[in-house]
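Q: Structure incoming, see below.
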Amino acid sequence: MLTTADNEALTRVGRGTVMGNFMREFWIPACKSNELAPDGMPMRLMLLGEKLVAFRDTAGRVGIFDHRCPHRCASLALGRNEQGGIRCGYHGWKFDVEGNCLDQPNLPDKNRFPAGTKAMAYKTAERGGMVFVYMGKRPVPPPLPDIEATFGPMHGDGIALTQRDCNWLQALEGDIDTSHLGFLHAGLIDGEAIEEKDPQRYTVINKAPKINVADMPFGTMYSAQRPAGPGEEHHRFACFIFPFWVTYPSDMIEHNVSVNAWVPIDDENTMIFNIDLFRGEGKDTAMRYKDGTVVPTLARPLEYLPRTNDWMGRWRPTQNRGNDYGRTEETLKSTFIGVSGIPLQDQAMIESMGPIVDRSLEHLASSDRMVMMTRRAMLAAAREFASTGKLPEVLDNPAISRTARGGDMVVPENTDWLEGYEEAMKRAVRAPVTTG
Ligand code: FES
Ligand SMILES: [Fe+2]
């Protein structure tokens, strides 16, 4: 459990809050690059409770502003994106991607004062198919994160966004809560029927793993440890990287270059940025039965409602709280909660906790060691920033998170989990890291 004060400090992200100020010092994923076309319609974008407008100018540069025009605060989301800037729809003032005022056409020449009317623009950067925004206080932002998957995807579109209707922290905690796998996702699956070469079968056969945890320079890390074949143990790893990244397990460690960013839209809504470097190459991590058929209730992908230009209008699943995620008496015969597909099962369970979990009601257990350690690490880091201005090392030295991976590993019995991980990483297929 957490005290109400600790819960508030961890979950609230508005400007001026403990966690909100902390997060703003890091680069934040804003949207996919292909959501913004040159001279395309300005896009409403909400991040950390701030209403913003995003656009790509004629030359391809991205601007992200407070959506209120600095003249009389009409929304620039209703403006025109044309010829190197965004023009307000009310009196025609125009701004470039850095917020500089280029034009004040409703004023006589002698009355114009462009220098004094800068739009509130944030710094932006693009890499690996994503737009990042820096909303912090530094005049020169820190380097971009050095998380392998964010340099990709290598082929095609390996980035998937989904909006989740709840606070960012409980959404993130779903990613580091490993023991739910055997119930929520695989409660009706016979582990003995899963093909033997797939180590995920051990997570279905043995539903009560031992949890190993460690504080790391980039955040925290766990392994869920289970017996495997004779004389062997299976470990399933994930890492938390400040301030909201999780490298989750979806393949053997050596081949798994994937990450989720749990980005707060506001206190009660989250955008998930799911990136898998090899997805576009046809990476197949489906769980299969011994006869080769895919376990159908896990594999179903999310479907999305038509996109709108509302603050909350992007990447909303068609099955949601409003239609009980498609759950019926009939669907309960084939999955544990009557909801099909891993992403939607997670979505249902996490949203069911309410907009912000009241963590004073919890009874955490040994299965929750990673959740406890990660909360402690985040709270300590955010409060340290609030009191001393010091930030975690990974912000200015991001290379220390380059070996933070999730994934599966099978090792001889009694192998130290962190030594086994280091050995596996020596054999790992590494992402082609570029700075472009
Ligand atoms: S309110 Fe934008 S130009 Fe007047
Ligand atoms: Fe899950």
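By convention in this document, the chains of the structure tokens carry letters A, B, ... by their order, each chain's residues are numbered from 1, and ligands are numbered from 1 in the order they are shown.
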Env of Trp27 (chain A): 10 Å cut, atoms = only C-alpha atoms, seq-sep filter 4 positions within chain, self excluded. Answer as a CSV table (one decimal) with N, CA and C atoms, in the first residue's frame.
A:
```
chain,number,residue,atom,x,y,z
A,23,MET,N,9.2,14.5,-14.6
A,23,MET,CA,9.0,13.9,-16.0
A,23,MET,C,9.4,14.9,-17.1
A,123,LYS,N,10.8,22.5,-27.4
A,123,LYS,CA,11.8,21.9,-28.3
A,123,LYS,C,11.3,20.5,-28.7
A,124,THR,N,11.5,20.2,-30.0
A,124,THR,CA,11.1,18.9,-30.5
A,124,THR,C,12.3,18.2,-31.2
A,125,ALA,N,12.2,16.9,-31.3
A,125,ALA,CA,13.3,16.1,-32.0
A,125,ALA,C,12.5,14.9,-32.6
A,131,VAL,N,8.2,11.4,-32.8
A,131,VAL,CA,8.4,12.8,-32.4
A,131,VAL,C,8.6,12.8,-30.9
A,132,PHE,N,9.6,13.4,-30.4
A,132,PHE,CA,9.8,13.6,-29.0
A,132,PHE,C,9.7,15.1,-28.7
A,133,VAL,N,9.3,15.4,-27.5
A,133,VAL,CA,9.2,16.8,-27.0
A,133,VAL,C,9.8,17.0,-25.7
A,134,TYR,N,10.5,18.1,-25.5
A,134,TYR,CA,11.1,18.4,-24.2
A,134,TYR,C,10.4,19.6,-23.6
A,135,MET,N,9.8,19.3,-22.4
A,135,MET,CA,8.9,20.3,-21.7
A,135,MET,C,9.6,20.8,-20.4
A,136,GLY,N,10.9,20.6,-20.3
A,136,GLY,CA,11.5,20.9,-19.0
A,136,GLY,C,12.1,22.3,-19.0
A,141,PRO,N,18.3,21.0,-24.0
A,141,PRO,CA,17.8,19.8,-23.5
A,141,PRO,C,18.8,18.7,-23.4
A,142,PRO,N,18.5,17.7,-22.6
A,142,PRO,CA,19.5,16.5,-22.5
A,142,PRO,C,19.5,15.7,-23.8
A,143,PRO,N,20.4,14.8,-23.9
A,143,PRO,CA,20.4,13.9,-25.1
A,143,PRO,C,19.1,13.1,-25.1
A,144,LEU,N,18.8,12.6,-26.3
A,144,LEU,CA,17.6,11.7,-26.5
A,144,LEU,C,17.9,10.4,-25.7
A,145,PRO,N,16.8,9.7,-25.4
A,145,PRO,CA,17.0,8.4,-24.7
A,145,PRO,C,17.8,7.4,-25.5
A,243,PRO,N,11.8,7.9,-17.1
A,243,PRO,CA,10.8,8.0,-16.1
A,243,PRO,C,9.5,7.2,-16.3
A,395,LEU,N,19.6,10.3,-17.3
A,395,LEU,CA,19.2,11.4,-18.2
A,395,LEU,C,20.3,12.0,-19.0
```
Q: Find the residues around region 59-66 of chain A up to 7 Å (only C-alpha atoms counted), leave out those fewer than 5 positions away in its own chain, and share them as an mmCIF file with C-alpha atoms, in the first residue's frame.
A:
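Contents of part16.cif, as written:
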```cif
data_model
loop_
_atom_site.group_PDB
_atom_site.id
_atom_site.type_symbol
_atom_site.label_atom_id
_atom_site.label_comp_id
_atom_site.auth_asym_id
_atom_site.auth_seq_id
_atom_site.Cartn_x
_atom_site.Cartn_y
_atom_site.Cartn_z
ATOM 1 C CA PRO A 38 4.007 18.785 -44.023
ATOM 2 C CA LYS A 51 -3.302 21.204 -24.184
ATOM 3 C CA LEU A 52 -0.903 21.537 -27.113
ATOM 4 C CA VAL A 53 -0.998 21.803 -30.878
ATOM 5 C CA ALA A 54 1.407 19.841 -33.091
ATOM 6 C CA GLY A 84 6.532 27.676 -43.065
ATOM 7 C CA VAL A 97 7.992 25.946 -35.313
ATOM 8 C CA GLU A 98 10.065 27.720 -32.672
ATOM 9 C CA ALA A 119 4.086 31.411 -28.957
ATOM 10 C CA MET A 120 4.904 29.055 -26.067
ATOM 11 C CA ALA A 121 6.834 26.478 -28.125
ATOM 12 C CA TYR A 122 8.616 23.391 -26.819
ATOM 13 C CA THR A 124 11.134 18.859 -30.489
#
```
Q: Which residue is closest to Asn21 (chain A)? Choose from A:Ser387, A:Glu423, A:Gly191, A:Gly407 and count only C-alpha atoms.
A: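 For Asn21 (chain A), the nearest of the candidates is A:Ser387.
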Q: Counting only C-alpha atoms and all ligand atoms, which protein, DNA or RNA residues come within 10 Å of ligand 1, given as a list of chain:residue names?
A: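 Residues satisfying the distance criterion: A:Arg68, A:Cys69, A:Pro70, A:His71, A:Arg72, A:Cys73, A:Ala74, A:Ser75, A:Leu76, A:Leu78, A:Gly79, A:Arg87, A:Cys88, A:Gly89, A:Tyr90, A:His91, A:Gly92, A:Trp93, A:Lys94, A:Phe95, A:Asp103, A:Gln104, A:Pro105, A:Asn106.
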Q: Kindly save the residues from that selection, with N, CA and C atoms included, as an mmCIF file, in the first residue's frame.
A:
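Once written, again.cif looks like this:
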```
data_model
loop_
_atom_site.group_PDB
_atom_site.id
_atom_site.type_symbol
_atom_site.label_atom_id
_atom_site.label_comp_id
_atom_site.auth_asym_id
_atom_site.auth_seq_id
_atom_site.Cartn_x
_atom_site.Cartn_y
_atom_site.Cartn_z
ATOM 1 N N ARG A 68 -2.884 27.811 -27.222
ATOM 2 C CA ARG A 68 -3.498 29.145 -27.201
ATOM 3 C C ARG A 68 -2.622 30.169 -27.914
ATOM 4 N N CYS A 69 -3.200 30.843 -28.868
ATOM 5 C CA CYS A 69 -2.486 31.885 -29.604
ATOM 6 C C CYS A 69 -2.098 32.999 -28.633
ATOM 7 N N PRO A 70 -0.852 33.509 -28.713
ATOM 8 C CA PRO A 70 -0.440 34.548 -27.768
ATOM 9 C C PRO A 70 -1.136 35.895 -27.993
ATOM 10 N N HIS A 71 -1.914 36.044 -29.054
ATOM 11 C CA HIS A 71 -2.656 37.301 -29.214
ATOM 12 C C HIS A 71 -3.833 37.335 -28.250
ATOM 13 N N ARG A 72 -4.915 36.591 -28.538
ATOM 14 C CA ARG A 72 -6.052 36.624 -27.626
ATOM 15 C C ARG A 72 -6.516 35.231 -27.244
ATOM 16 N N CYS A 73 -5.578 34.267 -27.343
ATOM 17 C CA CYS A 73 -5.789 32.922 -26.781
ATOM 18 C C CYS A 73 -6.805 32.061 -27.543
ATOM 19 N N ALA A 74 -7.132 32.403 -28.773
ATOM 20 C CA ALA A 74 -7.909 31.454 -29.586
ATOM 21 C C ALA A 74 -7.028 30.235 -29.850
ATOM 22 N N SER A 75 -7.645 29.083 -30.116
ATOM 23 C CA SER A 75 -6.851 27.864 -30.270
ATOM 24 C C SER A 75 -6.176 27.796 -31.635
ATOM 25 N N LEU A 76 -4.865 27.600 -31.604
ATOM 26 C CA LEU A 76 -4.126 27.418 -32.858
ATOM 27 C C LEU A 76 -4.466 26.076 -33.507
ATOM 28 N N LEU A 78 -7.229 25.382 -34.456
ATOM 29 C CA LEU A 78 -8.165 25.761 -35.514
ATOM 30 C C LEU A 78 -7.480 26.628 -36.580
ATOM 31 N N GLY A 79 -6.146 26.692 -36.508
ATOM 32 C CA GLY A 79 -5.409 27.550 -37.439
ATOM 33 C C GLY A 79 -5.108 26.858 -38.749
ATOM 34 N N ARG A 87 -0.802 29.615 -38.886
ATOM 35 C CA ARG A 87 -1.455 30.928 -38.882
ATOM 36 C C ARG A 87 -2.752 30.811 -38.076
ATOM 37 N N CYS A 88 -2.889 31.692 -37.099
ATOM 38 C CA CYS A 88 -4.077 31.649 -36.251
ATOM 39 C C CYS A 88 -5.316 31.965 -37.083
ATOM 40 N N GLY A 89 -6.395 31.226 -36.792
ATOM 41 C CA GLY A 89 -7.625 31.405 -37.558
ATOM 42 C C GLY A 89 -8.399 32.663 -37.194
ATOM 43 N N TYR A 90 -8.009 33.345 -36.099
ATOM 44 C CA TYR A 90 -8.839 34.467 -35.631
ATOM 45 C C TYR A 90 -8.452 35.788 -36.294
ATOM 46 N N HIS A 91 -7.157 36.202 -36.143
ATOM 47 C CA HIS A 91 -6.723 37.464 -36.756
ATOM 48 C C HIS A 91 -5.503 37.277 -37.653
ATOM 49 N N GLY A 92 -5.137 36.017 -37.907
ATOM 50 C CA GLY A 92 -4.116 35.736 -38.908
ATOM 51 C C GLY A 92 -2.670 35.831 -38.464
ATOM 52 N N TRP A 93 -2.395 35.984 -37.172
ATOM 53 C CA TRP A 93 -0.991 36.015 -36.757
ATOM 54 C C TRP A 93 -0.363 34.648 -37.068
ATOM 55 N N LYS A 94 0.935 34.683 -37.418
ATOM 56 C CA LYS A 94 1.573 33.447 -37.879
ATOM 57 C C LYS A 94 2.845 33.168 -37.084
ATOM 58 N N PHE A 95 3.127 31.893 -36.815
ATOM 59 C CA PHE A 95 4.267 31.491 -35.966
ATOM 60 C C PHE A 95 5.040 30.357 -36.615
ATOM 61 N N ASP A 103 4.187 37.113 -38.616
ATOM 62 C CA ASP A 103 3.243 37.981 -39.322
ATOM 63 C C ASP A 103 2.133 38.420 -38.356
ATOM 64 N N GLN A 104 1.754 39.691 -38.470
ATOM 65 C CA GLN A 104 0.616 40.224 -37.690
ATOM 66 C C GLN A 104 -0.257 41.046 -38.645
ATOM 67 N N PRO A 105 -0.920 40.378 -39.564
ATOM 68 C CA PRO A 105 -1.523 41.074 -40.704
ATOM 69 C C PRO A 105 -2.734 41.935 -40.353
ATOM 70 N N ASN A 106 -3.276 41.820 -39.150
ATOM 71 C CA ASN A 106 -4.431 42.672 -38.818
ATOM 72 C C ASN A 106 -4.005 44.015 -38.230
#
```
Q: Might you pull out every residue within 10 Å of Asp324 (chain A), with only C-alpha atoms counted and same-chain residues fewer than 3 positions away left off, and present them as JSON, numbers by chain?
A: {"A": [319, 320, 321, 327, 328, 338, 339, 348]}
Q: Give me, please, the distance in Å between CA of Pro249 (chain A) and CA of Lys426 (chain A), quoted to one decimal.
A: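 These two atoms are separated by 17.5 Å.
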Q: Taking 4 positions as the minimum chain separation for residues in the same chain, which residues sit within 12 Å of Asp284 (chain A) when counting only C-alpha atoms? Answer as a PyMOL selection string.
A: chain A and resi 198+250-252+255-256+276+278-280+288+294+299
Q: Take the residues from that selection and write them out as an mmCIF file, in the first residue's frame, keeping C-alpha atoms.
A:
```cif
data_model
loop_
_atom_site.group_PDB
_atom_site.id
_atom_site.type_symbol
_atom_site.label_atom_id
_atom_site.label_comp_id
_atom_site.auth_asym_id
_atom_site.auth_seq_id
_atom_site.Cartn_x
_atom_site.Cartn_y
_atom_site.Cartn_z
ATOM 1 C CA ASP A 198 8.664 -22.112 -26.388
ATOM 2 C CA SER A 250 8.177 -10.845 -25.707
ATOM 3 C CA ASP A 251 10.946 -13.165 -26.938
ATOM 4 C CA MET A 252 14.296 -14.632 -25.867
ATOM 5 C CA HIS A 255 16.303 -11.305 -29.949
ATOM 6 C CA ASN A 256 13.976 -9.001 -28.059
ATOM 7 C CA ASP A 276 9.207 -3.482 -31.381
ATOM 8 C CA PHE A 278 11.764 -6.407 -35.364
ATOM 9 C CA ARG A 279 7.966 -6.410 -35.724
ATOM 10 C CA GLY A 280 8.171 -5.014 -39.236
ATOM 11 C CA ARG A 288 1.631 -22.148 -30.201
ATOM 12 C CA VAL A 294 -1.422 -20.375 -32.650
ATOM 13 C CA ALA A 299 -2.919 -13.288 -30.584
#
```
Q: Which residues are close to Ala171 (chain A), i.e. within 8 Å by only C-alpha atoms, leaving aside same-chain residues fewer than 5 positions away? Reply as a PyMOL selection string.
A: chain A and resi 164+166+262+270+350
Q: In Å, how far is it from CA of Asp146 (chain A) to CA of Gly174 (chain A)?
A: 23.2 Å
Q: Please give me, as a list in words, the residues lying within 10 Å of ligand 2 when counting only C-alpha atoms and all ligand atoms.
A: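 Checked against 10 Å with only C-alpha atoms and all ligand atoms; the hits are Glu173, Gly174, Asp175, Ile176, Asp177, Thr178, Ser179, His180, Leu181, Gly182, Phe183, Leu184, His185, Ala186, Gly341, Ile342, Pro343, Leu344, Gln345, Asp346, Gln347, Met349 and Ile350 of chain A.
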Q: Taking C-alpha atoms for each residue, export the selection above as a PDB file, in the first residue's frame.
A:
```pdb
ATOM      1  CA  GLU A 173       2.609  -1.228 -13.318  1.00  0.00           C
ATOM      2  CA  GLY A 174       0.701  -3.678 -15.521  1.00  0.00           C
ATOM      3  CA  ASP A 175       3.934  -4.114 -17.458  1.00  0.00           C
ATOM      4  CA  ILE A 176       5.998  -5.093 -14.406  1.00  0.00           C
ATOM      5  CA  ASP A 177       3.330  -7.280 -12.787  1.00  0.00           C
ATOM      6  CA  THR A 178       4.453 -10.616 -14.179  1.00  0.00           C
ATOM      7  CA  SER A 179       2.378 -13.129 -12.204  1.00  0.00           C
ATOM      8  CA  HIS A 180      -0.878 -12.053 -13.891  1.00  0.00           C
ATOM      9  CA  LEU A 181       0.267 -13.796 -17.061  1.00  0.00           C
ATOM     10  CA  GLY A 182      -0.795 -17.257 -15.895  1.00  0.00           C
ATOM     11  CA  PHE A 183      -4.283 -16.010 -15.001  1.00  0.00           C
ATOM     12  CA  LEU A 184      -5.504 -13.002 -16.994  1.00  0.00           C
ATOM     13  CA  HIS A 185      -3.838 -14.111 -20.243  1.00  0.00           C
ATOM     14  CA  ALA A 186      -3.435 -17.858 -19.884  1.00  0.00           C
ATOM     15  CA  GLY A 341      -6.149 -10.680 -27.040  1.00  0.00           C
ATOM     16  CA  ILE A 342      -3.331  -9.811 -24.626  1.00  0.00           C
ATOM     17  CA  PRO A 343      -3.487  -6.008 -25.135  1.00  0.00           C
ATOM     18  CA  LEU A 344      -7.248  -5.799 -24.558  1.00  0.00           C
ATOM     19  CA  GLN A 345      -7.071  -8.128 -21.543  1.00  0.00           C
ATOM     20  CA  ASP A 346      -4.484  -5.800 -19.978  1.00  0.00           C
ATOM     21  CA  GLN A 347      -6.532  -2.748 -20.968  1.00  0.00           C
ATOM     22  CA  MET A 349      -8.001  -5.127 -16.046  1.00  0.00           C
ATOM     23  CA  ILE A 350      -6.015  -1.910 -15.582  1.00  0.00           C
TER      24      ILE A 350
END
```
Q: Enumerate, as JSON, numbers by chain, the complete set of residues in region 140-319 of chain A that a backbone-based DSSP assignment places in helix (DSSP H, G or I).
A: {"A": [148, 149, 150, 151, 168, 169, 170, 171, 172, 173, 174, 175, 178, 179, 180, 181, 182, 183, 184, 185, 191, 192, 193, 201, 202, 203, 204, 205, 253, 254, 255, 279, 280, 281, 296, 297, 298, 299]}
Q: What does the file look like for those residues with N, CA and C atoms, as a compact mmCIF listing (two decimals), in the first residue's frame?
A:
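Output saved as out.txt:
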```txt
# COMPACT_ATOMS: atom_id res chain seq x y z
N GLU A 148 17.37 0.91 -26.98
CA GLU A 148 17.59 0.32 -28.31
C GLU A 148 16.39 0.46 -29.24
N ALA A 149 15.21 0.13 -28.76
CA ALA A 149 14.05 0.09 -29.66
C ALA A 149 13.69 1.47 -30.21
N THR A 150 14.11 2.53 -29.52
CA THR A 150 13.73 3.86 -30.00
C THR A 150 14.57 4.31 -31.19
N PHE A 151 15.56 3.50 -31.56
CA PHE A 151 16.33 3.81 -32.78
C PHE A 151 15.65 3.21 -34.01
N TRP A 168 -1.24 7.01 -15.66
CA TRP A 168 -0.05 6.41 -16.28
C TRP A 168 0.63 5.37 -15.38
N LEU A 169 0.60 5.57 -14.05
CA LEU A 169 1.38 4.69 -13.17
C LEU A 169 0.76 3.29 -13.10
N GLN A 170 -0.57 3.21 -12.97
CA GLN A 170 -1.15 1.88 -12.92
C GLN A 170 -1.02 1.18 -14.27
N ALA A 171 -1.04 1.98 -15.35
CA ALA A 171 -0.83 1.39 -16.68
C ALA A 171 0.58 0.81 -16.77
N LEU A 172 1.56 1.58 -16.30
CA LEU A 172 2.95 1.09 -16.32
C LEU A 172 3.10 -0.15 -15.42
N GLU A 173 2.45 -0.11 -14.26
CA GLU A 173 2.61 -1.23 -13.32
C GLU A 173 2.09 -2.55 -13.90
N GLY A 174 1.16 -2.46 -14.85
CA GLY A 174 0.70 -3.68 -15.52
C GLY A 174 1.83 -4.36 -16.27
N ASP A 175 2.80 -3.59 -16.68
CA ASP A 175 3.93 -4.11 -17.46
C ASP A 175 4.98 -4.79 -16.58
N THR A 178 4.28 -9.46 -13.28
CA THR A 178 4.45 -10.62 -14.18
C THR A 178 3.55 -11.78 -13.83
N SER A 179 3.11 -11.90 -12.56
CA SER A 179 2.38 -13.13 -12.20
C SER A 179 0.95 -13.14 -12.74
N HIS A 180 0.48 -12.01 -13.33
CA HIS A 180 -0.88 -12.05 -13.89
C HIS A 180 -0.93 -12.87 -15.18
N LEU A 181 0.24 -13.12 -15.76
CA LEU A 181 0.27 -13.80 -17.06
C LEU A 181 -0.47 -15.14 -17.03
N GLY A 182 -0.20 -15.93 -15.98
CA GLY A 182 -0.80 -17.26 -15.89
C GLY A 182 -2.29 -17.25 -15.64
N PHE A 183 -2.85 -16.10 -15.30
CA PHE A 183 -4.28 -16.01 -15.00
C PHE A 183 -4.99 -15.20 -16.07
N LEU A 184 -4.80 -13.87 -16.06
CA LEU A 184 -5.50 -13.00 -16.99
C LEU A 184 -5.33 -13.47 -18.44
N HIS A 185 -4.09 -13.78 -18.84
CA HIS A 185 -3.84 -14.11 -20.24
C HIS A 185 -3.95 -15.61 -20.52
N GLY A 191 -0.74 -25.49 -20.13
CA GLY A 191 0.68 -25.25 -20.41
C GLY A 191 1.37 -26.47 -21.01
N GLU A 192 0.92 -27.67 -20.60
CA GLU A 192 1.56 -28.89 -21.12
C GLU A 192 1.29 -29.07 -22.61
N ALA A 193 0.24 -28.38 -23.12
CA ALA A 193 -0.09 -28.51 -24.55
C ALA A 193 0.71 -27.54 -25.42
N ARG A 201 6.00 -21.46 -22.13
CA ARG A 201 5.16 -22.52 -21.57
C ARG A 201 5.37 -22.64 -20.06
N TYR A 202 6.59 -22.34 -19.60
CA TYR A 202 6.84 -22.46 -18.16
C TYR A 202 6.03 -21.44 -17.36
N THR A 203 5.71 -20.29 -18.00
CA THR A 203 4.92 -19.28 -17.30
C THR A 203 3.47 -19.71 -17.17
N VAL A 204 3.05 -20.63 -18.03
CA VAL A 204 1.68 -21.11 -17.98
C VAL A 204 1.58 -22.31 -17.04
N ILE A 205 2.62 -23.14 -17.05
CA ILE A 205 2.62 -24.34 -16.21
C ILE A 205 2.78 -23.95 -14.73
N ILE A 253 15.80 -13.13 -24.67
CA ILE A 253 16.53 -11.87 -24.46
C ILE A 253 17.36 -11.49 -25.68
N GLU A 254 18.01 -12.49 -26.26
CA GLU A 254 18.96 -12.20 -27.35
C GLU A 254 18.30 -11.54 -28.55
N HIS A 255 16.98 -11.79 -28.73
CA HIS A 255 16.30 -11.31 -29.95
C HIS A 255 15.23 -10.27 -29.66
N ARG A 279 9.33 -6.05 -35.34
CA ARG A 279 7.97 -6.41 -35.72
C ARG A 279 7.76 -6.30 -37.23
N GLY A 280 8.32 -5.23 -37.80
CA GLY A 280 8.17 -5.01 -39.24
C GLY A 280 8.88 -6.06 -40.08
N GLU A 281 9.75 -6.85 -39.46
CA GLU A 281 10.44 -7.93 -40.19
C GLU A 281 9.66 -9.22 -40.10
N PRO A 296 -5.28 -18.89 -30.11
CA PRO A 296 -5.97 -17.75 -30.75
C PRO A 296 -6.36 -16.66 -29.76
N THR A 297 -6.61 -17.01 -28.53
CA THR A 297 -7.13 -16.02 -27.59
C THR A 297 -6.07 -15.03 -27.12
N LEU A 298 -4.81 -15.29 -27.43
CA LEU A 298 -3.75 -14.36 -27.06
C LEU A 298 -3.37 -13.44 -28.21
N ALA A 299 -3.53 -13.94 -29.43
CA ALA A 299 -2.92 -13.29 -30.58
C ALA A 299 -3.73 -12.12 -31.13
```
Q: Any idea what's packed within 9 Å of Met425 (chain A), counting only C-alpha atoms, ignoring anything in its chain fewer than 3 positions away? Could you give it as a CSV table (one decimal) with N, CA and C atoms, in the first residue's frame?
A:
```csv
chain,number,residue,atom,x,y,z
A,253,ILE,N,15.8,-13.1,-24.7
A,253,ILE,CA,16.5,-11.9,-24.5
A,253,ILE,C,17.4,-11.5,-25.7
A,254,GLU,N,18.0,-12.5,-26.3
A,254,GLU,CA,19.0,-12.2,-27.4
A,254,GLU,C,18.3,-11.5,-28.6
A,403,THR,N,21.7,-1.6,-22.4
A,403,THR,CA,21.6,-3.0,-22.1
A,403,THR,C,20.4,-3.4,-21.3
A,405,ARG,N,17.1,-4.8,-21.2
A,405,ARG,CA,16.2,-5.5,-22.1
A,405,ARG,C,15.2,-6.3,-21.3
A,420,GLY,N,23.5,-14.6,-15.4
A,420,GLY,CA,22.9,-15.2,-16.5
A,420,GLY,C,22.4,-14.2,-17.6
A,421,TYR,N,21.9,-13.1,-17.1
A,421,TYR,CA,21.4,-12.0,-18.0
A,421,TYR,C,22.6,-11.4,-18.7
A,422,GLU,N,23.7,-11.1,-18.0
A,422,GLU,CA,24.9,-10.6,-18.6
A,422,GLU,C,25.4,-11.5,-19.7
A,428,ALA,N,23.6,-11.2,-27.6
A,428,ALA,CA,22.4,-10.5,-28.1
A,428,ALA,C,22.6,-9.9,-29.5
A,429,VAL,N,21.5,-10.0,-30.3
A,429,VAL,CA,21.5,-9.3,-31.6
A,429,VAL,C,21.2,-7.8,-31.2
```
Q: Determine the nearest neighbour of Asn269 (chain A) from the options A:Met19, A:Leu10, A:Met370, A:Leu47, counting only C-alpha atoms.
A: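 The closest residue to Asn269 (chain A) is A:Leu47.
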Q: So that I can check the surroundings of Met216 (chain A), please list as a JSON list (two decimals) with C-alpha atoms, in the first residue's frame every protein, DNA and RNA residue that reaches within 9 Å of it, counting only C-alpha atoms and ignoring chain neighbours fewer than 6 positions away.
A:
```json
[["chain", "number", "residue", "atom", "x", "y", "z"],
["A", 239, "CYS", "CA", 13.46, -3.40, -16.90],
["A", 240, "PHE", "CA", 11.99, -0.07, -15.83],
["A", 241, "ILE", "CA", 13.89, 2.95, -17.15]]
```
Q: Which one is closest to Glu351 (chain A): A:Thr374, A:Gln163, A:Thr247, A:Asn414? Count only C-alpha atoms.
A: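 Between A:Thr374, A:Gln163, A:Thr247, A:Asn414, the residue approaching Glu351 (chain A) most closely is A:Gln163.
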Q: Record the distance separating CA of Leu2 (chain A) and CA of Arg359 (chain A), expressed in Å with one decimal.
A: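 Here the two named atoms are 5.3 Å from each other.
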Q: Let me make sure I understand: among A:Asp157, A:Glu362, A:Asp291, A:Glu419, which one has the smallest atom-to-atom distance to Asn7 (chain A) if we use only C-alpha atoms?
A: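 Among the listed residues, the smallest separation from Asn7 (chain A) belongs to A:Glu362.
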Q: Would you return as an MDAnalysis selection string the members of region 84-273 of chain A that DSSP assigns to strand (DSSP E) on this structure's backbone?
A: chainID A and resid 86:87 94:95 101:103 121:127 130:134 159:164 210:216 219:227 232:241 245:247 258:266 269:273
